[in-house]
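For reference, entry02.csv is printed below; it contains CSV, C-alpha atoms.
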```csv
chain,number,residue,atom,x,y,z
L,616,MET,CA,5.6,3.2,-51.9
L,617,ALA,CA,3.7,4.8,-49.0
L,618,THR,CA,0.0,3.8,-48.5
L,619,TRP,CA,-2.8,6.3,-48.6
L,620,ASP,CA,-3.1,5.9,-44.8
L,621,GLN,CA,0.6,6.6,-44.3
L,622,LEU,CA,0.3,9.7,-46.5
L,623,GLU,CA,-2.7,10.9,-44.6
L,624,GLN,CA,-1.0,10.5,-41.3
L,625,ALA,CA,2.2,12.1,-42.6
L,626,PHE,CA,0.4,15.2,-44.0
L,627,THR,CA,-1.8,15.5,-40.9
L,628,HIS,CA,1.1,15.4,-38.5
L,629,ARG,CA,3.5,17.6,-40.4
L,630,LEU,CA,0.9,20.3,-41.2
L,631,SER,CA,-1.1,20.0,-38.0
L,632,LEU,CA,-4.3,19.6,-40.0
L,633,GLY,CA,-7.5,19.8,-38.1
L,634,VAL,CA,-9.5,18.5,-41.0
L,635,ALA,CA,-8.7,15.1,-42.7
L,636,PRO,CA,-7.6,15.4,-46.3
L,637,VAL,CA,-10.3,14.1,-48.7
L,638,ALA,CA,-9.7,11.8,-51.7
L,639,VAL,CA,-11.9,12.4,-54.7
L,640,THR,CA,-12.1,9.8,-57.6
L,641,PHE,CA,-14.1,10.3,-60.8
L,642,CYS,CA,-15.4,6.9,-61.9
L,643,ASP,CA,-16.5,5.8,-65.4
L,644,ALA,CA,-18.7,3.1,-63.8
L,645,VAL,CA,-20.4,2.8,-60.4
L,646,PRO,CA,-17.8,1.3,-58.1
L,647,THR,CA,-18.3,-2.1,-56.5
L,648,GLY,CA,-17.6,-2.8,-52.9
L,649,VAL,CA,-18.2,0.8,-51.8
L,650,ARG,CA,-21.4,2.1,-50.1
L,651,LYS,CA,-23.7,4.4,-52.0
L,652,PHE,CA,-24.4,7.8,-50.4
L,653,GLU,CA,-27.9,8.0,-49.0
L,654,GLY,CA,-29.6,11.2,-48.4
L,655,SER,CA,-29.6,14.8,-49.8
L,656,VAL,CA,-27.1,17.6,-49.5
L,657,PRO,CA,-27.3,21.3,-50.7
L,658,SER,CA,-23.9,21.2,-52.5
L,659,GLY,CA,-21.4,19.0,-54.0
L,660,CYS,CA,-18.7,20.3,-51.6
L,661,THR,CA,-20.8,19.0,-48.7
L,662,PHE,CA,-19.6,15.6,-49.6
L,663,TRP,CA,-16.1,16.7,-48.7
L,664,LYS,CA,-17.3,17.5,-45.2
L,665,VAL,CA,-19.2,14.1,-45.0
L,666,ALA,CA,-16.0,12.2,-45.9
L,667,ALA,CA,-13.7,14.2,-43.7
L,668,SER,CA,-15.9,14.0,-40.6
L,669,ALA,CA,-17.1,10.4,-40.9
L,670,PRO,CA,-16.2,7.9,-38.2
L,671,ARG,CA,-13.1,5.7,-38.9
L,672,GLN,CA,-13.7,2.9,-41.4
L,673,GLN,CA,-16.9,4.6,-42.6
L,674,ALA,CA,-15.5,7.4,-44.6
L,675,ALA,CA,-15.7,6.0,-48.1
L,676,PHE,CA,-18.8,6.3,-50.3
L,677,TYR,CA,-19.8,7.2,-53.8
L,678,THR,CA,-22.3,9.5,-55.3
L,679,VAL,CA,-24.1,9.5,-58.7
L,680,PRO,CA,-25.0,12.6,-60.8
L,681,ALA,CA,-28.5,12.6,-59.3
L,682,ASP,CA,-27.0,13.3,-55.9
L,683,HIS,CA,-25.4,16.6,-57.2
L,684,GLN,CA,-28.5,18.2,-58.7
L,685,ASN,CA,-29.1,20.6,-55.8
L,686,CYS,CA,-25.8,22.3,-56.7
L,687,PRO,CA,-25.9,23.4,-60.3
L,688,ILE,CA,-22.6,25.1,-60.1
L,689,GLY,CA,-20.9,22.0,-58.7
L,690,ALA,CA,-22.6,19.8,-61.2
L,691,HIS,CA,-21.3,22.1,-63.9
L,692,THR,CA,-17.7,21.9,-62.8
L,693,HIS,CA,-18.0,18.1,-62.4
L,694,ASN,CA,-19.5,17.9,-66.0
L,695,MET,CA,-22.7,16.3,-64.7
L,696,PRO,CA,-25.7,16.9,-67.1
L,697,PRO,CA,-28.4,18.9,-65.3
L,698,ALA,CA,-31.7,17.0,-64.8
L,699,ASP,CA,-33.7,20.1,-65.5
L,700,GLY,CA,-32.1,21.0,-68.7
L,701,GLY,CA,-30.0,23.7,-67.1
L,702,LYS,CA,-32.8,25.9,-65.7
L,703,MET,CA,-31.4,26.0,-62.1
L,704,LEU,CA,-27.9,26.8,-63.4
L,705,THR,CA,-29.2,29.6,-65.5
L,706,ASP,CA,-31.3,31.0,-62.7
L,707,MET,CA,-28.4,30.8,-60.2
L,708,LEU,CA,-25.9,32.4,-62.5
L,709,GLY,CA,-28.5,35.1,-63.3
L,710,LEU,CA,-28.8,35.8,-59.5
L,711,MET,CA,-25.0,35.9,-59.1
L,712,ALA,CA,-24.6,38.2,-62.1
L,713,GLY,CA,-27.3,40.5,-60.9
L,714,LEU,CA,-25.5,40.9,-57.6
L,715,GLY,CA,-22.3,41.7,-59.4
L,716,TYR,CA,-20.7,38.5,-58.0
L,717,VAL,CA,-19.9,37.0,-61.3
L,718,LYS,CA,-19.8,38.1,-64.9
L,719,MET,CA,-21.5,35.8,-67.4
L,720,GLU,CA,-18.5,36.0,-69.8
L,721,GLU,CA,-16.4,34.4,-67.0
L,722,VAL,CA,-18.5,31.2,-67.1
L,723,PRO,CA,-16.9,29.5,-70.2
L,724,GLY,CA,-13.5,29.8,-68.5
L,725,ILE,CA,-14.5,27.9,-65.4
L,726,PRO,CA,-12.5,24.7,-65.3
L,727,ARG,CA,-14.6,21.5,-65.7
L,728,TRP,CA,-13.9,17.8,-65.4
L,729,PRO,CA,-13.2,16.7,-69.0
L,730,SER,CA,-15.9,13.9,-69.1
L,731,SER,CA,-19.1,13.1,-67.4
L,732,PRO,CA,-18.6,10.6,-64.6
L,733,ALA,CA,-20.9,7.8,-63.8
L,734,ALA,CA,-20.0,8.2,-60.1
L,735,VAL,CA,-17.7,10.2,-57.8
L,736,LEU,CA,-16.1,8.4,-54.9
L,737,TYR,CA,-15.2,10.3,-51.7
L,738,ALA,CA,-13.2,9.2,-48.7
L,739,ARG,CA,-10.8,10.5,-46.2
L,740,LEU,CA,-7.4,10.0,-47.8
L,741,GLY,CA,-6.4,7.1,-45.6
L,742,GLU,CA,-9.5,5.1,-46.4
L,743,THR,CA,-9.8,5.6,-50.1
L,744,PRO,CA,-10.5,2.2,-51.8
L,745,ARG,CA,-9.1,3.4,-55.1
L,746,THR,CA,-6.3,5.6,-56.4
L,747,PRO,CA,-7.9,9.0,-56.3
L,748,ASP,CA,-7.7,11.8,-58.8
L,749,VAL,CA,-7.4,14.7,-56.5
L,750,ILE,CA,-6.8,15.2,-52.8
L,751,ILE,CA,-8.5,18.2,-51.0
L,752,PHE,CA,-6.6,19.8,-48.2
L,753,ALA,CA,-8.6,22.3,-46.0
L,754,CYS,CA,-6.0,24.0,-44.0
L,755,ARG,CA,-4.7,27.2,-42.4
L,756,PRO,CA,-2.9,29.6,-44.8
L,757,SER,CA,0.5,28.7,-43.2
L,758,ALA,CA,-0.1,25.0,-43.9
L,759,ALA,CA,-1.1,25.9,-47.4
L,760,MET,CA,2.1,27.9,-47.8
L,761,TYR,CA,4.2,24.9,-46.8
L,762,LEU,CA,2.2,22.5,-48.9
L,763,GLY,CA,2.4,24.8,-51.9
L,764,GLU,CA,6.1,25.2,-51.5
L,765,ALA,CA,6.5,21.4,-51.3
L,766,ALA,CA,4.5,21.0,-54.5
L,767,ARG,CA,6.6,23.5,-56.3
L,768,ALA,CA,9.8,21.9,-55.0
L,769,ALA,CA,8.5,18.5,-56.3
L,770,GLY,CA,7.6,20.1,-59.7
L,771,ALA,CA,3.9,19.4,-59.1
L,772,ALA,CA,2.5,22.9,-58.7
L,773,SER,CA,0.1,24.7,-61.0
L,774,ALA,CA,1.2,28.1,-62.4
L,775,MET,CA,-2.3,29.5,-61.8
L,776,PRO,CA,-2.8,32.0,-59.0
L,777,PRO,CA,-5.1,31.2,-56.1
L,778,LEU,CA,-8.6,30.6,-57.6
L,779,PRO,CA,-11.7,32.5,-56.5
L,780,ARG,CA,-15.3,31.2,-56.7
L,781,PRO,CA,-16.5,28.6,-57.2
L,782,THR,CA,-14.3,26.5,-54.9
L,783,CYS,CA,-15.1,23.3,-56.7
L,784,MET,CA,-13.5,24.4,-60.0
L,785,ALA,CA,-10.1,23.9,-58.3
L,786,ILE,CA,-10.6,20.1,-58.5
L,787,PRO,CA,-10.5,19.9,-62.3
L,788,ALA,CA,-7.9,22.7,-62.3
L,789,ALA,CA,-5.6,20.7,-60.0
L,790,ALA,CA,-6.1,17.5,-61.9
L,791,ALA,CA,-5.1,19.2,-65.1
L,792,SER,CA,-2.3,21.5,-63.9
L,793,GLY,CA,-1.0,20.4,-60.5
L,794,ALA,CA,-1.4,21.7,-57.0
L,795,THR,CA,-3.9,24.6,-57.0
L,796,MET,CA,-5.0,26.9,-54.1
L,797,SER,CA,-8.6,28.0,-53.7
L,798,LEU,CA,-9.6,30.8,-51.5
L,799,GLY,CA,-13.0,29.2,-51.2
L,800,CYS,CA,-16.4,30.8,-51.7
L,801,ILE,CA,-19.2,31.8,-49.5
L,802,GLY,CA,-21.4,28.9,-50.6
L,803,ASN,CA,-18.7,26.4,-49.8
L,804,ARG,CA,-17.9,28.0,-46.4
L,805,ILE,CA,-21.6,27.9,-45.4
L,806,TYR,CA,-22.3,24.3,-46.7
L,807,THR,CA,-19.0,22.8,-45.3
L,808,GLY,CA,-18.5,25.0,-42.2
L,809,LEU,CA,-15.0,25.9,-43.4
L,810,GLY,CA,-13.5,28.4,-41.0
L,811,ASP,CA,-12.7,31.9,-42.0
L,812,ASP,CA,-9.1,31.1,-41.1
L,813,HIS,CA,-8.8,28.2,-43.6
L,814,VAL,CA,-8.2,27.9,-47.4
L,815,TYR,CA,-8.0,25.0,-49.7
L,816,LEU,CA,-5.1,23.4,-51.6
L,817,MET,CA,-6.0,20.8,-54.1
L,818,VAL,CA,-3.3,18.3,-55.0
L,819,ARG,CA,-3.2,15.8,-57.8
L,820,ALA,CA,-3.1,12.4,-56.1
L,821,ALA,CA,-0.4,11.1,-58.5
L,822,ASP,CA,1.9,13.8,-57.0
L,823,ALA,CA,1.1,13.2,-53.4
L,824,GLU,CA,4.1,11.0,-52.5
L,825,ALA,CA,6.6,13.3,-54.2
L,826,ILE,CA,5.1,16.3,-52.4
L,827,SER,CA,5.2,14.4,-49.1
L,828,ARG,CA,8.9,13.8,-49.6
L,829,ALA,CA,9.6,17.4,-50.5
L,830,LEU,CA,7.6,18.6,-47.5
L,831,ASP,CA,10.2,17.4,-45.1
L,832,ARG,CA,12.9,19.5,-46.8
L,833,ILE,CA,10.5,22.5,-46.9
L,834,LEU,CA,9.6,22.3,-43.2
L,835,ASP,CA,13.2,22.0,-42.2
L,836,ALA,CA,14.2,25.0,-44.4
L,837,ASN,CA,11.4,27.1,-43.0
L,838,ALA,CA,12.4,26.2,-39.4
L,839,GLN,CA,15.9,27.4,-40.2
L,840,LEU,CA,14.7,30.5,-42.0
L,841,THR,CA,12.4,31.3,-39.0
L,842,LYS,CA,15.4,31.5,-36.7
L,843,PHE,CA,17.4,33.5,-39.3
L,844,HIS,CA,14.7,36.1,-39.7
L,845,ARG,CA,13.9,36.4,-36.0
L,846,ASP,CA,17.6,36.8,-35.2
L,847,ARG,CA,18.0,39.4,-38.0
L,848,ARG,CA,14.9,41.5,-37.2
L,849,PRO,CA,16.0,43.3,-34.0
L,850,GLY,CA,19.2,44.7,-35.5
L,851,LEU,CA,17.4,46.1,-38.5
L,852,THR,CA,14.3,47.5,-36.8
L,853,SER,CA,14.3,51.1,-35.4
L,854,GLY,CA,12.1,54.2,-35.1
L,855,ASP,CA,8.4,53.8,-35.6
L,856,ALA,CA,8.8,50.2,-36.6
L,857,ALA,CA,10.4,49.3,-33.3
L,858,ARG,CA,7.4,50.8,-31.4
L,859,ALA,CA,4.9,48.9,-33.5
```
I'd like the structure from this file rewritten - as structure tokens, please.
Amino acid sequence: MATWDQLEQAFTHRLSLGVAPVAVTFCDAVPTGVRKFEGSVPSGCTFWKVAASAPRQQAAFYTVPADHQNCPIGAHTHNMPPADGGKMLTDMLGLMAGLGYVKMEEVPGIPRWPSSPAAVLYARLGETPRTPDVIIFACRPSAAMYLGEAARAAGAASAMPPLPRPTCMAIPAAAASGATMSLGCIGNRIYTGLGDDHVYLMVRAADAEAISRALDRILDANAQLTKFHRDRRPGLTSGDAARA
């Protein structure tokens, strides 16, 4: 079996990733031998950026529910009880509904982690100290296309369409159903600095090795199809299309 470090290197090289894939593990107890996150962040997805951008050998840490209370939406998708009884969540959802950004009847359908974790462990994939639940890939749409095709070829893709806001709901969705794309949301893009030219693909960690194997075939097939379509295009293009 490939190690997590080997898988990180393989995915990064094949997909030309500019952001390290991040491993997320939901823990029933506070993990030992892993450093506790210190500080404050505005959102749960900020932890993804912290893990992905940390110096080598310093990318693994865990959080507890108290660390997530600034982000009521993320705490909700991660099934973390609100410290304020839910007031901040109600207020934020009210703001979003008032702006026409979300409908209150949508909220019960937002995927959530099935149980309340004691801690959540984050690390760049190659440094995860435990077998993760989900791997977060922040990538260009073309890389998400290849990765999604590989997941489908491996029988590890969700049947769901790309998910809208909130971005973090794609984590429990992927854990339950397989590889899931998220188009991101404005809060996530602001708090993580995700580029406008990037989307997310969340992969169930148990499927990662099978997806990695399938990715070789998918990339080879796409290379051959690229040549096929480029060679075919000139002979079938004329008129206005030829001048475009």
Discussion item. Considering only C-alpha atoms, can you say which of L:Ala823, L:Ala635, L:Leu714, L:Ala734 comes closest to L:Arg650?
Written reply: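 Nearest candidate to L:Arg650 out of L:Ala823, L:Ala635, L:Leu714, L:Ala734: L:Ala734.
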Fill in: Within-8 Å shell of (-5.6, 28.4, -43.6) in input frame, all atoms listed in the file, as a PyMOL selection string
chain L and resi 753-759+812-815
Would you write out those residues with C-alpha atoms, as a PDB file, keeping the file's coordinate frame?
```
ATOM      1  CA  ALA L 753      -8.600  22.300 -46.000  1.00  0.00           C
ATOM      2  CA  CYS L 754      -6.000  24.000 -44.000  1.00  0.00           C
ATOM      3  CA  ARG L 755      -4.700  27.200 -42.400  1.00  0.00           C
ATOM      4  CA  PRO L 756      -2.900  29.600 -44.800  1.00  0.00           C
ATOM      5  CA  SER L 757       0.500  28.700 -43.200  1.00  0.00           C
ATOM      6  CA  ALA L 758      -0.100  25.000 -43.900  1.00  0.00           C
ATOM      7  CA  ALA L 759      -1.100  25.900 -47.400  1.00  0.00           C
ATOM      8  CA  ASP L 812      -9.100  31.100 -41.100  1.00  0.00           C
ATOM      9  CA  HIS L 813      -8.800  28.200 -43.600  1.00  0.00           C
ATOM     10  CA  VAL L 814      -8.200  27.900 -47.400  1.00  0.00           C
ATOM     11  CA  TYR L 815      -8.000  25.000 -49.700  1.00  0.00           C
TER      12      TYR L 815
END
```
Using all atoms listed in the file, find each residue in stretch 620-717 of chain L having at least one atom no more than 12 Å away from stretch 832-849 of chain L; report its shortest atom-to-atom pair and that distance in Å (one decimal), rows by chain then rising number, as JSON lines.
```
{"residue": "L:Phe626", "atom": "CA", "partner": "L:Leu834", "partner_atom": "CA", "distance": 11.6}
{"residue": "L:His628", "atom": "CA", "partner": "L:Leu834", "partner_atom": "CA", "distance": 11.9}
{"residue": "L:Arg629", "atom": "CA", "partner": "L:Leu834", "partner_atom": "CA", "distance": 8.2}
{"residue": "L:Leu630", "atom": "CA", "partner": "L:Leu834", "partner_atom": "CA", "distance": 9.1}
```
Fill in: Residue list as a list in words for point (-27.4, 26.4, -63.2), cut-off 9 Å, all atoms listed in the file
Cys686, Pro687, Ile688, Ala690, His691, Pro697, Gly701, Lys702, Met703, Leu704, Thr705, Asp706, Met707, Leu708 and Gly709 of chain L
Pull C-alpha atoms from the residues just selected and write them as a compact mmCIF listing (two decimals), in the coordinates of the input.
```
# COMPACT_ATOMS: atom_id res chain seq x y z
CA CYS L 686 -25.80 22.30 -56.70
CA PRO L 687 -25.90 23.40 -60.30
CA ILE L 688 -22.60 25.10 -60.10
CA ALA L 690 -22.60 19.80 -61.20
CA HIS L 691 -21.30 22.10 -63.90
CA PRO L 697 -28.40 18.90 -65.30
CA GLY L 701 -30.00 23.70 -67.10
CA LYS L 702 -32.80 25.90 -65.70
CA MET L 703 -31.40 26.00 -62.10
CA LEU L 704 -27.90 26.80 -63.40
CA THR L 705 -29.20 29.60 -65.50
CA ASP L 706 -31.30 31.00 -62.70
CA MET L 707 -28.40 30.80 -60.20
CA LEU L 708 -25.90 32.40 -62.50
CA GLY L 709 -28.50 35.10 -63.30
```
Discussion item. Quick one: residues within 7 Å of stretch 737-746 of chain L, all atoms listed in the file, excluding same-chain residues fewer than 6 positions away - as a PyMOL selection string?
Written reply: chain L and resi 619-620+623+635-640+666-667+672+674-677
Could the residues in this selection be written to a file with C-alpha atoms, as a PDB file, keeping the file's coordinate frame?
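Output (selection.pdb):
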```pdb
ATOM      1  CA  TRP L 619      -2.800   6.300 -48.600  1.00  0.00           C
ATOM      2  CA  ASP L 620      -3.100   5.900 -44.800  1.00  0.00           C
ATOM      3  CA  GLU L 623      -2.700  10.900 -44.600  1.00  0.00           C
ATOM      4  CA  ALA L 635      -8.700  15.100 -42.700  1.00  0.00           C
ATOM      5  CA  PRO L 636      -7.600  15.400 -46.300  1.00  0.00           C
ATOM      6  CA  VAL L 637     -10.300  14.100 -48.700  1.00  0.00           C
ATOM      7  CA  ALA L 638      -9.700  11.800 -51.700  1.00  0.00           C
ATOM      8  CA  VAL L 639     -11.900  12.400 -54.700  1.00  0.00           C
ATOM      9  CA  THR L 640     -12.100   9.800 -57.600  1.00  0.00           C
ATOM     10  CA  ALA L 666     -16.000  12.200 -45.900  1.00  0.00           C
ATOM     11  CA  ALA L 667     -13.700  14.200 -43.700  1.00  0.00           C
ATOM     12  CA  GLN L 672     -13.700   2.900 -41.400  1.00  0.00           C
ATOM     13  CA  ALA L 674     -15.500   7.400 -44.600  1.00  0.00           C
ATOM     14  CA  ALA L 675     -15.700   6.000 -48.100  1.00  0.00           C
ATOM     15  CA  PHE L 676     -18.800   6.300 -50.300  1.00  0.00           C
ATOM     16  CA  TYR L 677     -19.800   7.200 -53.800  1.00  0.00           C
TER      17      TYR L 677
END
```
Worksheet item: Given the choices L:Thr678, L:Ile801, L:Arg671, L:Thr782, which gets closest to L:Gly654 if the distance is worked out from only C-alpha atoms?
Response: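 Of the candidates, the smallest distance to L:Gly654 is held by L:Thr678.
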Item to complete: Compile the contact shell of L:Gly763 as a ChimeraX atom specification: residues with an atom at most 12 Å away, counting all atoms listed in the file, same-chain residues fewer than 3 positions apart removed.
Response: /L:630,752,754,756-760,766-777,793-797,814-818,823,826-827,829-830,833-834
Practice prompt. Rank nothing, just name the residue among L:Asp748, L:Glu824, L:Asp831, L:Glu721 nearest to L:Tyr761, using all atoms listed in the file.
Written response: L:Asp831
Item to complete: Rank L:Ala669, L:Leu622, L:Ala821, L:Ala681 by their smallest atom-to-atom distance to L:Ser655, using all atoms listed in the file, and report the top residue only.
Response: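 Smallest separation from L:Ser655 among the options: L:Ala681.
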Worksheet item: Using only C-alpha atoms, which residue out of L:Ile750, L:Cys800, L:Leu632, L:Ala733 lies closest to L:Asn694?
Response: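 Counting only C-alpha atoms, the residue closest to L:Asn694 is L:Ala733.
Closest to L:Pro732 among L:Gly715, L:Ala785, L:Asp643, L:Ile805 is L:Asp643, based on all atoms listed in the file.
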Item to complete: Kindly give the distance, in Å, that separates atom CA of L:Val665 and atom CA of L:Val634, rounded to a single decimal.
Response: 11.4 Å
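Going from atom CA of L:Ala790 over to atom CA of L:Val749, you cover 6.2 Å.
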Discussion item. Between atom CA of L:Thr618 and atom CA of L:Ser792, what distance in Å does the model show, to one decimal?
Written reply: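 Atom CA of L:Ser792 lies at a distance of 23.6 Å from atom CA of L:Thr618.
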Discussion item. Need the shell around L:Thr692: protein/DNA/RNA residues with any atom at most 8 Å away, counting all atoms listed in the file. Skip same-chain ones fewer than 2 positions apart. Format as a ChimeraX atom specification?
Written reply: /L:688-690,694-695,725-728,783-784,787
